Structure formats: structure tokens, C-alpha cells
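Working notes, structure below.
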Amino acid sequence: MRWIWIDRFVEFESGRRARALKNLTLAEEHLHDHFFGYPIMPNSLITEGLAQTGGILVGEMRNFEEKVILAKIPKITFHFAAKPGDTLTYTAEVESIEDNGALVKATSHVGERLQAEGELMFAHLDESRSVKTLFEPKNFVFTLKLLGVFDVGRGSAAGAIAEPPGLAHLRAASPET
Amino acid sequence: MPSKDEVFDKIRAALVDALGVDEDEVTPNATLTGDLGAESIDFLDIVFRLEKSFDIKIPRGELFPESILTDPQYVADGKFTPAGIEELRKRMPFANLDEFAKNPVAQEFGNLFTVQMIANYVESKVNVEA
């Protein structure tokens with residue numbers, strides 16, 4: 001199982017906002033395992049999807065040079081359960097960012113309906129911290145491509161960005177990519 | 001121009017949101033870590049909320065100068081040195097250091113961070129009604 005809780009980015013505006021989709025299907029085991037006989041998407045995994053949307057948005061702002069980890073959820077509210085067949089649209093907007101971390105506002109919608117809303121705080125861990133490598137750079141770049149970040153990404157200046165500048169940094173760390 | 005009460009109300013709202021505490025817990029003398037349960041990431045959260053609420057910029061380390069703790073010139077053997085106290089007075093003119101200076105154990109440093117200290121700091125950054 002891959003720990004990817006979004007299917008695709010549909011909007012990515014560097015430093016401001018990202019929007020990603022998560023489709024729910026009955027084929028997903030975790031829907032069945034949550035409440036027997038009542039398959040719904042666990043709110044914890046919706047939170048993870050929101051955090052992945054926001055985390056990639058925050059990480060890209062610093063060229064993916066620092067690891068971005070979800071450090072705190074100041075608040076999150078779920079308005080109804082997400083069910084198989086639903087497409088969740090996750091939106092993350094950067095509220096504040098500085099060297100140590102960032103605060104992101106996040107929402108989940110099913111169609112026009114607000115399904116969840118909350119705030120997520122991320123901490124930056126630079127290379128000087130002795131943390132275990134959380135992911136292989138090669139896999140991370142592959143995942144970003146898979147998610148369509150480079151297809152829909154727009155830089156802070158007008159115009160499209162083919163790929164976030166952080167890719168070069170990751171490529172340097174993983175030449176075979 | 002906000003009044004002191006308005007400043008305090010906004011600070012209280014920021015702390016309620018950041019720390020998940022009840023309004024009545026946020027008293028002037030409440031310490032952020034001891035009484036309100038703040039952890040390290042919460043300090044950044046508080047800074048973000050104050051910046052937004054008061055439309056001010058809080059430079060890193062200005063309100064919560066934690067980095068001072070890791071400087072051997074200022075903290076040795078778990079206690080603040082005279083130079084460390086001097087540095088605290090310079091960098092935290094908004095904090096009440098008199099009591100702390102009598103027995104400046106580094107472990108007690110967090111108790112300087114009270115709600116009133118934040119209020120003093122914010123009042124030094126925004127014009128407050130006399």
C-alpha cells in the first residue's frame with residue numbers, strides 16, 4: 001500500500017493555494033474496516049489527504065529543500081461522512097509561513113458541499129536536523145509527477161511552471177531520476 | 001486605536017484558538033507552558049495568530065527568544081549567567097524579569113512567558129489608547 005492520500009492535483013499556485021482530488025471507491029479496504037457494514041472514508045485519512053495537499057504546497061515554497069511535517073492540527077471539523085462514489089476536493093491555502101513552519105487553512109468539499117474544514121500547522125526540518133530520511137527523493141519526485149503537480153503548477157509570477165524548482169535539488173540528490 | 005482591554009481580548013482569542021483552552025483560563029498571570037499547556041510548535045502558532053490579529057510582523061525570536069537557552073555564554077550549568085540575564089533584559093523589555101533573576105534556573109525560563117508578557121509585547125508594537 002502506498003501512503004498517497006490524494007489522486008491528483010487540479011490546481012497549484014505556488015505559495016498560495018493548491019487543490020487536489022481524492023476519489024473514493026468501494027474497492028478501498030479502509031472504507032470497510034472503519035465501521036463494519038457502513039463503509040465511509042475515515043476522517044483521519046481525509047485529514048492526511050488535506051495534510052498532503054498542504055504539505056506539498058508548503059514544501060514547494062522552499063524548493064523542497066526542507067522536510068515538511070504535520071506538527072499540529074489546531075482545529076478541524078467534519079460536517080458529514082464521505083462515502084464511496086464521492087470525489088473529495090481538497091483545498092489548502094497558506095495563511096502564514098516563516099523559517100520554522102507554516103499555517104495552512106484546508107477544506108474538503110463534495111461537489112459544492114463543504115465536507116470538512118480546519119487548520120494545519122507544518123514544521124520545517126532542515127538538513128541539519130538528524131532526522132531519518134522520510135522518503136527516497138526519487139520516489140518523491142515520481143509521486144509529484146504522478147499527482148500532476150507539474151501539469152497544473154503555476155509560479156508566483158504569471159505563467160506556468162514546468163516543474164517546481166525543487167526538482168533540481170532532488171535530482172541532484174538522486175542522479176538516476 | 002485599540003484599548004488595553006481590546007488588545008487583551010484579541011490575545012485571549014488567539015490563545016483559545018492556538019491552545020484549545022477555555023477563555024476563563026486565559027488570565028494575565030497564566031503561564032503559557034505551565035498553566036495553558038503550550039508546547040514548542042504552539043509558540044509559532046501563537047505568533048502567526050498575533051501577527052494576523054494585530055496586523056503586525058513579529059520577527060523570529062523577538063517575542064519568544066528561546067535560542068538564548070542554547071548559548072553557553074548565557075546559560076551555564078542549567079542557570080542563566082549574569083551576561084544571560086543582561087541579554088534577557090535587553091531582548092525582553094516587555095517581560096518581568098525581577099523575580100526570575102533572583103534564581104535564574106533555565107528550567108524556569110518558560111514561566112516568564114505569561115499572558116501579560118504577550119500583552120506588554122503587543123502594546124509595544126501597536127498604539128494603545130492611554
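FYI, nothing fancy with the C-alpha cells labels: chains A, B, ... in order, residues from 1 per chain, ligands from 1 as they appear.
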**OP:** Define the interface residues of chain B facing chain A as those within 12 Å, counting only C-alpha atoms, and report them as a PyMOL selection string.
**Re:** chain B and resi 14-21+38-52+57-61
Keeping only N, CA and C atoms, write the selected residues to a file as a PDB file, in the first residue's frame.
ATOM      1  N   ALA B  14      -6.666  34.535  20.449  1.00  0.00           N
ATOM      2  CA  ALA B  14      -5.557  33.836  19.776  1.00  0.00           C
ATOM      3  C   ALA B  14      -5.128  32.619  20.583  1.00  0.00           C
ATOM      4  N   LEU B  15      -5.074  32.777  21.901  1.00  0.00           N
ATOM      5  CA  LEU B  15      -4.623  31.664  22.754  1.00  0.00           C
ATOM      6  C   LEU B  15      -5.678  30.561  22.836  1.00  0.00           C
ATOM      7  N   VAL B  16      -6.940  30.953  22.852  1.00  0.00           N
ATOM      8  CA  VAL B  16      -8.016  29.956  22.858  1.00  0.00           C
ATOM      9  C   VAL B  16      -7.937  29.100  21.591  1.00  0.00           C
ATOM     10  N   ASP B  17      -7.715  29.768  20.446  1.00  0.00           N
ATOM     11  CA  ASP B  17      -7.632  29.031  19.183  1.00  0.00           C
ATOM     12  C   ASP B  17      -6.365  28.184  19.107  1.00  0.00           C
ATOM     13  N   ALA B  18      -5.247  28.747  19.550  1.00  0.00           N
ATOM     14  CA  ALA B  18      -3.970  28.044  19.392  1.00  0.00           C
ATOM     15  C   ALA B  18      -3.823  26.895  20.381  1.00  0.00           C
ATOM     16  N   LEU B  19      -4.342  27.070  21.581  1.00  0.00           N
ATOM     17  CA  LEU B  19      -4.067  26.092  22.638  1.00  0.00           C
ATOM     18  C   LEU B  19      -5.294  25.266  23.035  1.00  0.00           C
ATOM     19  N   GLY B  20      -6.450  25.619  22.490  1.00  0.00           N
ATOM     20  CA  GLY B  20      -7.656  24.858  22.821  1.00  0.00           C
ATOM     21  C   GLY B  20      -8.041  24.972  24.285  1.00  0.00           C
ATOM     22  N   VAL B  21      -7.742  26.115  24.890  1.00  0.00           N
ATOM     23  CA  VAL B  21      -8.101  26.320  26.300  1.00  0.00           C
ATOM     24  C   VAL B  21      -9.400  27.119  26.388  1.00  0.00           C
ATOM     25  N   ALA B  38       1.132  24.942  26.627  1.00  0.00           N
ATOM     26  CA  ALA B  38       1.726  25.174  25.306  1.00  0.00           C
ATOM     27  C   ALA B  38       2.974  24.316  25.115  1.00  0.00           C
ATOM     28  N   GLU B  39       3.132  23.799  23.899  1.00  0.00           N
ATOM     29  CA  GLU B  39       4.345  23.076  23.517  1.00  0.00           C
ATOM     30  C   GLU B  39       5.055  23.879  22.438  1.00  0.00           C
ATOM     31  N   SER B  40       6.222  23.395  22.012  1.00  0.00           N
ATOM     32  CA  SER B  40       7.074  24.235  21.152  1.00  0.00           C
ATOM     33  C   SER B  40       6.365  24.722  19.888  1.00  0.00           C
ATOM     34  N   ILE B  41       5.652  23.835  19.191  1.00  0.00           N
ATOM     35  CA  ILE B  41       5.017  24.260  17.937  1.00  0.00           C
ATOM     36  C   ILE B  41       3.930  25.309  18.208  1.00  0.00           C
ATOM     37  N   ASP B  42       3.370  25.292  19.410  1.00  0.00           N
ATOM     38  CA  ASP B  42       2.319  26.251  19.743  1.00  0.00           C
ATOM     39  C   ASP B  42       2.824  27.694  19.735  1.00  0.00           C
ATOM     40  N   PHE B  43       4.092  27.874  20.061  1.00  0.00           N
ATOM     41  CA  PHE B  43       4.620  29.240  20.087  1.00  0.00           C
ATOM     42  C   PHE B  43       4.594  29.861  18.688  1.00  0.00           C
ATOM     43  N   LEU B  44       4.886  29.039  17.699  1.00  0.00           N
ATOM     44  CA  LEU B  44       4.821  29.531  16.323  1.00  0.00           C
ATOM     45  C   LEU B  44       3.367  29.823  15.939  1.00  0.00           C
ATOM     46  N   ASP B  45       2.485  28.938  16.358  1.00  0.00           N
ATOM     47  CA  ASP B  45       1.056  29.118  16.099  1.00  0.00           C
ATOM     48  C   ASP B  45       0.576  30.443  16.717  1.00  0.00           C
ATOM     49  N   ILE B  46       0.986  30.697  17.950  1.00  0.00           N
ATOM     50  CA  ILE B  46       0.588  31.931  18.644  1.00  0.00           C
ATOM     51  C   ILE B  46       1.117  33.153  17.894  1.00  0.00           C
ATOM     52  N   VAL B  47       2.378  33.077  17.471  1.00  0.00           N
ATOM     53  CA  VAL B  47       2.970  34.198  16.725  1.00  0.00           C
ATOM     54  C   VAL B  47       2.173  34.474  15.454  1.00  0.00           C
ATOM     55  N   PHE B  48       1.830  33.417  14.712  1.00  0.00           N
ATOM     56  CA  PHE B  48       1.057  33.592  13.476  1.00  0.00           C
ATOM     57  C   PHE B  48      -0.284  34.277  13.765  1.00  0.00           C
ATOM     58  N   ARG B  49      -0.936  33.850  14.831  1.00  0.00           N
ATOM     59  CA  ARG B  49      -2.271  34.399  15.137  1.00  0.00           C
ATOM     60  C   ARG B  49      -2.180  35.852  15.595  1.00  0.00           C
ATOM     61  N   LEU B  50      -1.154  36.158  16.366  1.00  0.00           N
ATOM     62  CA  LEU B  50      -0.989  37.553  16.807  1.00  0.00           C
ATOM     63  C   LEU B  50      -0.683  38.448  15.608  1.00  0.00           C
ATOM     64  N   GLU B  51       0.158  37.961  14.717  1.00  0.00           N
ATOM     65  CA  GLU B  51       0.507  38.756  13.529  1.00  0.00           C
ATOM     66  C   GLU B  51      -0.744  39.089  12.730  1.00  0.00           C
ATOM     67  N   LYS B  52      -1.595  38.084  12.576  1.00  0.00           N
ATOM     68  CA  LYS B  52      -2.800  38.288  11.778  1.00  0.00           C
ATOM     69  C   LYS B  52      -3.787  39.193  12.511  1.00  0.00           C
ATOM     70  N   LYS B  57       4.188  42.475  12.324  1.00  0.00           N
ATOM     71  CA  LYS B  57       5.178  41.456  11.980  1.00  0.00           C
ATOM     72  C   LYS B  57       5.999  41.181  13.237  1.00  0.00           C
ATOM     73  N   ILE B  58       6.081  39.928  13.598  1.00  0.00           N
ATOM     74  CA  ILE B  58       6.851  39.554  14.782  1.00  0.00           C
ATOM     75  C   ILE B  58       8.094  38.806  14.322  1.00  0.00           C
ATOM     76  N   PRO B  59       9.247  39.471  14.321  1.00  0.00           N
ATOM     77  CA  PRO B  59      10.464  38.787  13.858  1.00  0.00           C
ATOM     78  C   PRO B  59      10.753  37.552  14.706  1.00  0.00           C
ATOM     79  N   ARG B  60      11.331  36.569  14.045  1.00  0.00           N
ATOM     80  CA  ARG B  60      11.619  35.291  14.716  1.00  0.00           C
ATOM     81  C   ARG B  60      12.479  35.529  15.954  1.00  0.00           C
ATOM     82  N   GLY B  61      12.061  34.972  17.071  1.00  0.00           N
ATOM     83  CA  GLY B  61      12.857  35.051  18.290  1.00  0.00           C
ATOM     84  C   GLY B  61      12.667  36.332  19.079  1.00  0.00           C
TER      85      GLY B  61
END
**OP:** Using DSSP on the backbone coordinates, identify the residues of chain B assigned to helix (DSSP H, G or I); present them as a ChimeraX atom specification.
**Re:** /B:4-19,23-25,40-54,66-70,82-91,98-102,106-112,115-125
**OP:** Any chance you could list, as a VMD selection string, the residues in stretch 23-94 of chain A that come up strand (DSSP E) when DSSP is run on the backbone?
**Re:** chain A and resid 23 67 to 78 87 to 94
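Using only C-alpha atoms, the contacts of A:Lys83 at a cut-off of 10 Å, with sequence neighbours closer than 3 positions omitted, comprise A:Asn23, A:Leu24, A:Thr25, A:Leu26, A:Leu31, A:Tyr38, A:Pro39, A:Ile40, A:Met41, A:Pro42, A:Phe80, A:Asp86, A:Thr87, A:Leu88, A:Val110.
The space between atom CA of A:Ala20 and atom CA of A:Val149 spans 9.3 Å.
Atom CA of A:Thr107 lies 29.8 Å from atom CA of B:Val7.
Between A:Gly85 and the candidates A:Ala27, A:Glu60, A:Glu119, A:Ile6, the tightest atom-to-atom separation, counting only C-alpha atoms, involves A:Ala27.
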Original post:
Got a sec: who's within 10 Å of B:Thr114, counting only C-alpha atoms, leaving out chain neighbours fewer than 5 positions off, as an MDAnalysis selection string?
Top reply: chainID B and resid 26:36 95:96 119:120
With N, CA and C atoms retained, write the just-selected residues as a CSV table (one decimal), in the first residue's frame.
chain,number,residue,atom,x,y,z
B,26,VAL,N,-7.5,31.9,30.4
B,26,VAL,CA,-6.5,32.9,29.9
B,26,VAL,C,-6.5,34.1,30.8
B,27,THR,N,-5.8,34.1,31.9
B,27,THR,CA,-5.7,35.2,32.8
B,27,THR,C,-4.4,35.9,32.6
B,28,PRO,N,-4.2,37.1,33.1
B,28,PRO,CA,-2.9,37.8,32.8
B,28,PRO,C,-1.7,37.0,33.4
B,29,ASN,N,-1.9,36.4,34.5
B,29,ASN,CA,-0.7,35.7,35.1
B,29,ASN,C,-0.5,34.2,34.7
B,30,ALA,N,-1.4,33.8,33.9
B,30,ALA,CA,-1.3,32.4,33.4
B,30,ALA,C,0.0,32.2,32.6
B,31,THR,N,0.7,31.1,32.9
B,31,THR,CA,1.9,30.9,32.1
B,31,THR,C,1.6,30.0,30.9
B,32,LEU,N,2.2,30.2,29.8
B,32,LEU,CA,1.8,29.5,28.5
B,32,LEU,C,2.1,28.0,28.6
B,33,THR,N,3.2,27.7,29.1
B,33,THR,CA,3.6,26.2,29.2
B,33,THR,C,2.9,25.6,30.4
B,34,GLY,N,3.1,26.2,31.6
B,34,GLY,CA,2.7,25.6,32.8
B,34,GLY,C,1.2,25.5,33.0
B,35,ASP,N,0.5,26.7,32.8
B,35,ASP,CA,-0.9,26.7,33.0
B,35,ASP,C,-1.7,26.4,31.8
B,36,LEU,N,-1.2,26.8,30.6
B,36,LEU,CA,-2.1,26.7,29.4
B,36,LEU,C,-1.6,25.5,28.5
B,95,ALA,N,9.1,41.7,29.5
B,95,ALA,CA,8.9,40.7,30.5
B,95,ALA,C,9.3,41.1,31.9
B,96,ASN,N,8.7,40.6,32.9
B,96,ASN,CA,9.0,41.0,34.2
B,96,ASN,C,10.1,40.0,34.7
B,119,ALA,N,0.8,40.6,26.3
B,119,ALA,CA,0.1,41.8,26.2
B,119,ALA,C,1.1,43.0,26.2
B,120,ASN,N,2.1,42.9,27.1
B,120,ASN,CA,3.1,44.0,27.1
B,120,ASN,C,3.8,44.1,25.8
